[in-house]
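Trainee: Structure file structure21.cif (mmCIF, C-alpha atoms and all ligand atoms) is given on the next line.
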```
data_run
loop_
_atom_site.label_atom_id
_atom_site.label_comp_id
_atom_site.auth_asym_id
_atom_site.auth_seq_id
_atom_site.Cartn_x
_atom_site.Cartn_y
_atom_site.Cartn_z
CA MET A 86 -135.71 -23.02 120.06
CA PRO A 87 -134.83 -26.44 118.62
CA LYS A 88 -135.32 -29.48 120.81
CA PRO A 89 -131.85 -30.62 121.93
CA GLU A 90 -130.61 -34.10 121.00
CA LYS A 91 -128.75 -34.27 124.31
CA HIS A 92 -129.22 -32.34 127.52
CA VAL A 93 -126.31 -32.15 129.94
CA PHE A 94 -126.94 -31.21 133.57
CA VAL A 95 -123.89 -30.23 135.60
CA CYS A 96 -124.29 -30.23 139.37
CA SER A 97 -123.35 -26.86 140.80
CA GLN A 98 -124.93 -27.37 144.20
CA THR A 99 -123.43 -25.38 147.06
CA ARG A 100 -123.61 -26.21 150.75
CA PRO A 101 -122.12 -24.60 153.85
CA ASP A 102 -118.59 -25.58 154.86
CA GLY A 103 -118.63 -28.66 157.03
CA HIS A 104 -121.91 -30.01 155.68
CA PRO A 105 -121.78 -33.82 155.92
CA ARG A 106 -122.69 -34.35 152.26
CA GLY A 107 -120.29 -31.79 150.87
CA CYS A 108 -121.21 -30.43 147.46
CA CYS A 109 -120.13 -30.51 143.86
CA ALA A 110 -119.42 -26.77 143.78
CA GLN A 111 -116.63 -27.28 146.33
CA LYS A 112 -115.18 -30.04 144.16
CA GLY A 113 -114.95 -28.01 140.99
CA GLY A 114 -118.53 -28.23 139.73
CA SER A 115 -118.75 -24.54 138.86
CA ASP A 116 -115.52 -24.60 136.85
CA LEU A 117 -116.73 -27.77 135.18
CA LEU A 118 -119.95 -26.07 134.13
CA GLN A 119 -117.94 -23.23 132.59
CA ALA A 120 -115.82 -25.78 130.72
CA PHE A 121 -118.96 -27.42 129.25
CA TRP A 122 -120.35 -24.05 128.15
CA LYS A 123 -117.00 -23.08 126.65
CA GLU A 124 -116.81 -26.35 124.69
CA LEU A 125 -120.40 -25.93 123.50
CA GLN A 126 -119.54 -22.46 122.23
CA LYS A 127 -116.27 -23.58 120.65
CA ARG A 128 -118.07 -26.30 118.71
CA ASN A 129 -121.13 -24.14 117.99
CA LEU A 130 -123.56 -26.90 118.98
CA PHE A 131 -126.27 -24.72 120.51
CA ASP A 132 -128.89 -26.16 118.14
CA ARG A 133 -128.15 -29.76 119.14
CA ILE A 134 -126.94 -29.82 122.74
CA SER A 135 -128.05 -28.00 125.88
CA VAL A 136 -125.92 -27.56 128.98
CA THR A 137 -127.69 -26.51 132.16
CA TYR A 138 -126.53 -26.09 135.74
CA SER A 139 -128.39 -28.15 138.27
CA GLY A 140 -128.83 -28.66 141.97
CA CYS A 141 -127.89 -31.88 143.71
CA LEU A 142 -128.15 -34.94 141.48
CA GLY A 143 -127.94 -37.41 144.37
CA PRO A 144 -124.58 -39.19 144.65
CA CYS A 145 -122.69 -36.27 146.22
CA ASP A 146 -119.72 -38.38 147.35
CA GLY A 147 -118.68 -38.92 143.75
CA GLY A 148 -118.97 -35.33 142.60
CA PRO A 149 -118.64 -33.35 140.53
CA ASN A 150 -121.53 -35.20 138.89
CA VAL A 151 -123.01 -34.77 135.43
CA VAL A 152 -126.08 -36.45 133.97
CA VAL A 153 -126.88 -36.68 130.26
CA TYR A 154 -130.39 -37.15 128.88
CA PRO A 155 -132.23 -38.71 127.16
CA GLU A 156 -130.06 -41.69 128.18
CA GLY A 157 -129.90 -40.83 131.88
CA VAL A 158 -126.18 -41.57 131.99
CA MET A 159 -124.60 -40.29 135.21
CA TYR A 160 -120.91 -39.44 135.30
CA SER A 161 -118.95 -38.90 138.50
CA GLN A 162 -115.63 -37.31 139.40
CA VAL A 163 -115.73 -35.40 136.14
CA THR A 164 -112.94 -32.89 135.54
CA LYS A 165 -112.45 -30.17 132.97
CA ASP A 166 -110.04 -32.51 131.19
CA ASP A 167 -112.91 -34.94 130.54
CA VAL A 168 -115.19 -32.46 128.80
CA ALA A 169 -113.80 -32.82 125.27
CA ALA A 170 -114.04 -36.63 125.49
CA ILE A 171 -117.67 -36.43 126.66
CA PHE A 172 -118.45 -34.28 123.62
CA ASP A 173 -116.51 -36.47 121.20
CA GLU A 174 -117.55 -39.89 122.42
CA HIS A 175 -120.99 -39.44 123.96
CA LEU A 176 -122.70 -36.23 122.88
CA LEU A 177 -121.58 -36.50 119.25
CA GLY A 178 -120.42 -40.10 118.99
CA GLY A 179 -123.34 -41.68 120.82
CA GLN A 180 -121.16 -43.89 123.06
CA PRO A 181 -121.19 -43.02 126.78
CA LEU A 182 -117.77 -43.11 128.44
CA GLU A 183 -117.44 -46.25 130.54
CA ARG A 184 -114.59 -44.91 132.69
CA LEU A 185 -116.63 -42.04 134.16
CA GLN A 186 -120.01 -43.70 134.62
CA CYS A 187 -121.43 -44.12 138.10
CA PRO A 188 -122.07 -47.71 139.11
CA PRO A 189 -125.61 -48.84 138.28
CA ALA A 190 -126.23 -49.36 142.02
CA ILE A 191 -126.73 -45.61 142.51
CA TRP A 192 -130.12 -45.97 140.85
CA GLY A 193 -131.23 -48.76 143.17
S1 LIG B 201 -124.11 -31.92 145.47
FE1 LIG B 201 -123.74 -32.62 143.44
S2 LIG B 201 -124.69 -34.54 143.42
FE2 LIG B 201 -125.15 -33.82 145.39
#
```
In structure tokens, write the structure found in this file.
Mentor:
Amino acid sequence: MPKPEKHVFVCSQTRPDGHPRGCCAQKGGSDLLQAFWKELQKRNLFDRISVTYSGCLGPCDGGPNVVVYPEGVMYSQVTKDDVAAIFDEHLLGGQPLERLQCPPAIWG
């Protein structure tokens, strides 16, 4: 298995209805994960990019959340419509998308 250049983690955390933190799965995280996998397949990038589901990434309020390594760039409120741009601009182009990035304060 080749070492991926980029590794994308898509939060698919579930929580019971009414949980105070909510969860990304209720906000479309599972569909988002499918959209990432579909795009990966469409572009045949399995040797360069990995996409993995994940549990809670931390800033639940802003979900669905996605984090990309090795940069550690966190995106929030990501929709299926953003997936192609993340591939084009960040995963292949090397420039993280400003408009979707979480504020740096989340890491404080
Ligand atoms: S549930 Fe997705 S970041 Fe917490």
Trainee: Please produce, as a Markdown table, a per-residue contact table for chain A versus ligand LIG 201 (chain B) (criterion: any atom at most 10 Å away, all atoms listed in the file considered), showing the nearest atom pair and its distance in Å to one decimal, sorted by chain then residue number.
Mentor:
```
| residue | atom | partner | partner_atom | distance |
| --- | --- | --- | --- | --- |
| A:Val95 | CA | B:LIG201 | FE1 | 8.2 |
| A:Cys96 | CA | B:LIG201 | FE1 | 4.8 |
| A:Ser97 | CA | B:LIG201 | FE1 | 6.3 |
| A:Gln98 | CA | B:LIG201 | S1 | 4.8 |
| A:Thr99 | CA | B:LIG201 | S1 | 6.8 |
| A:Arg100 | CA | B:LIG201 | S1 | 7.8 |
| A:Arg106 | CA | B:LIG201 | FE2 | 7.3 |
| A:Gly107 | CA | B:LIG201 | S1 | 6.6 |
| A:Cys108 | CA | B:LIG201 | S1 | 3.8 |
| A:Cys109 | CA | B:LIG201 | FE1 | 4.2 |
| A:Ala110 | CA | B:LIG201 | S1 | 7.2 |
| A:Gln111 | CA | B:LIG201 | S1 | 8.8 |
| A:Lys112 | CA | B:LIG201 | FE1 | 9.0 |
| A:Gly114 | CA | B:LIG201 | FE1 | 7.8 |
| A:Ser139 | CA | B:LIG201 | FE1 | 8.3 |
| A:Gly140 | CA | B:LIG201 | FE1 | 6.6 |
| A:Cys141 | CA | B:LIG201 | FE2 | 3.8 |
| A:Leu142 | CA | B:LIG201 | S2 | 4.0 |
| A:Gly143 | CA | B:LIG201 | S2 | 4.4 |
| A:Pro144 | CA | B:LIG201 | S2 | 4.8 |
| A:Cys145 | CA | B:LIG201 | FE2 | 3.6 |
| A:Asp146 | CA | B:LIG201 | FE2 | 7.4 |
| A:Gly147 | CA | B:LIG201 | S2 | 7.4 |
| A:Gly148 | CA | B:LIG201 | FE1 | 5.6 |
| A:Pro149 | CA | B:LIG201 | FE1 | 5.9 |
| A:Asn150 | CA | B:LIG201 | S2 | 5.6 |
| A:Val151 | CA | B:LIG201 | S2 | 8.2 |
| A:Val152 | CA | B:LIG201 | S2 | 9.7 |
| A:Ser161 | CA | B:LIG201 | S2 | 8.7 |
```
Trainee: Output C-alpha atoms of each residue in that selection to a file, as a CSV table (one decimal), in the frame of the given file.
Mentor:
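Written out: part.csv:
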```
chain,number,residue,atom,x,y,z
A,95,VAL,CA,-123.9,-30.2,135.6
A,96,CYS,CA,-124.3,-30.2,139.4
A,97,SER,CA,-123.4,-26.9,140.8
A,98,GLN,CA,-124.9,-27.4,144.2
A,99,THR,CA,-123.4,-25.4,147.1
A,100,ARG,CA,-123.6,-26.2,150.8
A,106,ARG,CA,-122.7,-34.4,152.3
A,107,GLY,CA,-120.3,-31.8,150.9
A,108,CYS,CA,-121.2,-30.4,147.5
A,109,CYS,CA,-120.1,-30.5,143.9
A,110,ALA,CA,-119.4,-26.8,143.8
A,111,GLN,CA,-116.6,-27.3,146.3
A,112,LYS,CA,-115.2,-30.0,144.2
A,114,GLY,CA,-118.5,-28.2,139.7
A,139,SER,CA,-128.4,-28.2,138.3
A,140,GLY,CA,-128.8,-28.7,142.0
A,141,CYS,CA,-127.9,-31.9,143.7
A,142,LEU,CA,-128.2,-34.9,141.5
A,143,GLY,CA,-127.9,-37.4,144.4
A,144,PRO,CA,-124.6,-39.2,144.6
A,145,CYS,CA,-122.7,-36.3,146.2
A,146,ASP,CA,-119.7,-38.4,147.4
A,147,GLY,CA,-118.7,-38.9,143.8
A,148,GLY,CA,-119.0,-35.3,142.6
A,149,PRO,CA,-118.6,-33.4,140.5
A,150,ASN,CA,-121.5,-35.2,138.9
A,151,VAL,CA,-123.0,-34.8,135.4
A,152,VAL,CA,-126.1,-36.4,134.0
A,161,SER,CA,-119.0,-38.9,138.5
```
Trainee: So which one's closest to A:Ala190, A:Val93, A:Met159, A:Asp116, A:Phe121? Using only C-alpha atoms, please.
Mentor: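 Smallest separation from A:Ala190 among the options: A:Met159.
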Trainee: Can you work out which one of A:Pro87, A:Gly157, A:Gly103, A:Gly178 has the shortest atom-to-atom distance to A:Ile134, counting only C-alpha atoms?
Mentor: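 For A:Ile134, the nearest of the given residues is A:Pro87.
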Trainee: Applying 12 Å and all atoms listed in the file, which residues near A:Pro181 remain after dropping the ones on its own chain fewer than 3 positions away? List them as an mmCIF file with C-alpha atoms, keeping the file's coordinate frame.
Mentor:
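Result file follows (selection-v7.cif):
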```cif
data_model
loop_
_atom_site.group_PDB
_atom_site.id
_atom_site.type_symbol
_atom_site.label_atom_id
_atom_site.label_comp_id
_atom_site.auth_asym_id
_atom_site.auth_seq_id
_atom_site.Cartn_x
_atom_site.Cartn_y
_atom_site.Cartn_z
ATOM 1 C CA LYS A 91 -128.750 -34.270 124.310
ATOM 2 C CA VAL A 152 -126.080 -36.450 133.970
ATOM 3 C CA VAL A 153 -126.880 -36.680 130.260
ATOM 4 C CA TYR A 154 -130.390 -37.150 128.880
ATOM 5 C CA PRO A 155 -132.230 -38.710 127.160
ATOM 6 C CA GLU A 156 -130.060 -41.690 128.180
ATOM 7 C CA GLY A 157 -129.900 -40.830 131.880
ATOM 8 C CA VAL A 158 -126.180 -41.570 131.990
ATOM 9 C CA MET A 159 -124.600 -40.290 135.210
ATOM 10 C CA TYR A 160 -120.910 -39.440 135.300
ATOM 11 C CA ALA A 170 -114.040 -36.630 125.490
ATOM 12 C CA ILE A 171 -117.670 -36.430 126.660
ATOM 13 C CA PHE A 172 -118.450 -34.280 123.620
ATOM 14 C CA ASP A 173 -116.510 -36.470 121.200
ATOM 15 C CA GLU A 174 -117.550 -39.890 122.420
ATOM 16 C CA HIS A 175 -120.990 -39.440 123.960
ATOM 17 C CA LEU A 176 -122.700 -36.230 122.880
ATOM 18 C CA LEU A 177 -121.580 -36.500 119.250
ATOM 19 C CA GLY A 178 -120.420 -40.100 118.990
ATOM 20 C CA ARG A 184 -114.590 -44.910 132.690
ATOM 21 C CA LEU A 185 -116.630 -42.040 134.160
ATOM 22 C CA GLN A 186 -120.010 -43.700 134.620
ATOM 23 C CA CYS A 187 -121.430 -44.120 138.100
#
```
Trainee: Which neighbours of A:Phe131 fall inside 9 Å, counting all atoms listed in the file, when residues of the same chain fewer than 5 positions from it are skipped, and could you give them as a list in words?
Mentor: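 Residues near the query, excluding close chain neighbours: Pro87, Pro89, Leu125, Gln126 and Val136 of chain A.
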Trainee: Filtering to C-alpha atoms, could you give me those residues as a compact mmCIF listing (two decimals), in the coordinates of the input?
Mentor:
```
# COMPACT_ATOMS: atom_id res chain seq x y z
CA PRO A 87 -134.83 -26.44 118.62
CA PRO A 89 -131.85 -30.62 121.93
CA LEU A 125 -120.40 -25.93 123.50
CA GLN A 126 -119.54 -22.46 122.23
CA VAL A 136 -125.92 -27.56 128.98
```
Trainee: Choose the residue, out of A:Ile191, A:Val163, A:Ala169, A:Leu182, that has the smallest atom-to-atom separation from A:Lys123; count all atoms listed in the file.
Mentor: A:Ala169
Trainee: Report the distance between atom CA of A:Trp122 and atom CA of A:Lys88 in Å, rounded to one decimal place.
Mentor: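 About the pair atom CA of A:Trp122 and atom CA of A:Lys88: they are 17.5 Å apart.
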Trainee: Tell me which of A:Gly179, A:His92, A:Pro188, A:Asp166 sits closest to A:Arg133, counting all atoms listed in the file.
Mentor: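 Residue with the minimum atom-to-atom distance to A:Arg133: A:His92.
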Trainee: Between atom CA of A:Thr137 and atom CA of A:Thr164, measure the distance and give it in Å to one decimal.
Mentor: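 Separating atom CA of A:Thr137 from atom CA of A:Thr164 is a distance of 16.4 Å.
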Trainee: How far is it from atom CA of A:Ala120 to atom CA of A:Asp167, in Å with one decimal?
Mentor: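 These two atoms are separated by 9.6 Å.
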Trainee: Using all atoms of stretch 144-163 of chain A listed in the file and a margin of 8 Å per side, can you give the axis-aligned box centre and edge lengths in Å to one decimal, as lines of an AutoDock Vina configuration file?
Mentor:
```
center_x = -123.9
center_y = -37.5
center_z = 137.3
size_x = 32.6
size_y = 24.3
size_z = 36.2
```
Trainee: Between A:Leu118, A:Glu90, A:Glu183, A:Gly193, which residue has the minimum interatomic distance to A:Ser135, considering only C-alpha atoms?
Mentor: A:Glu90
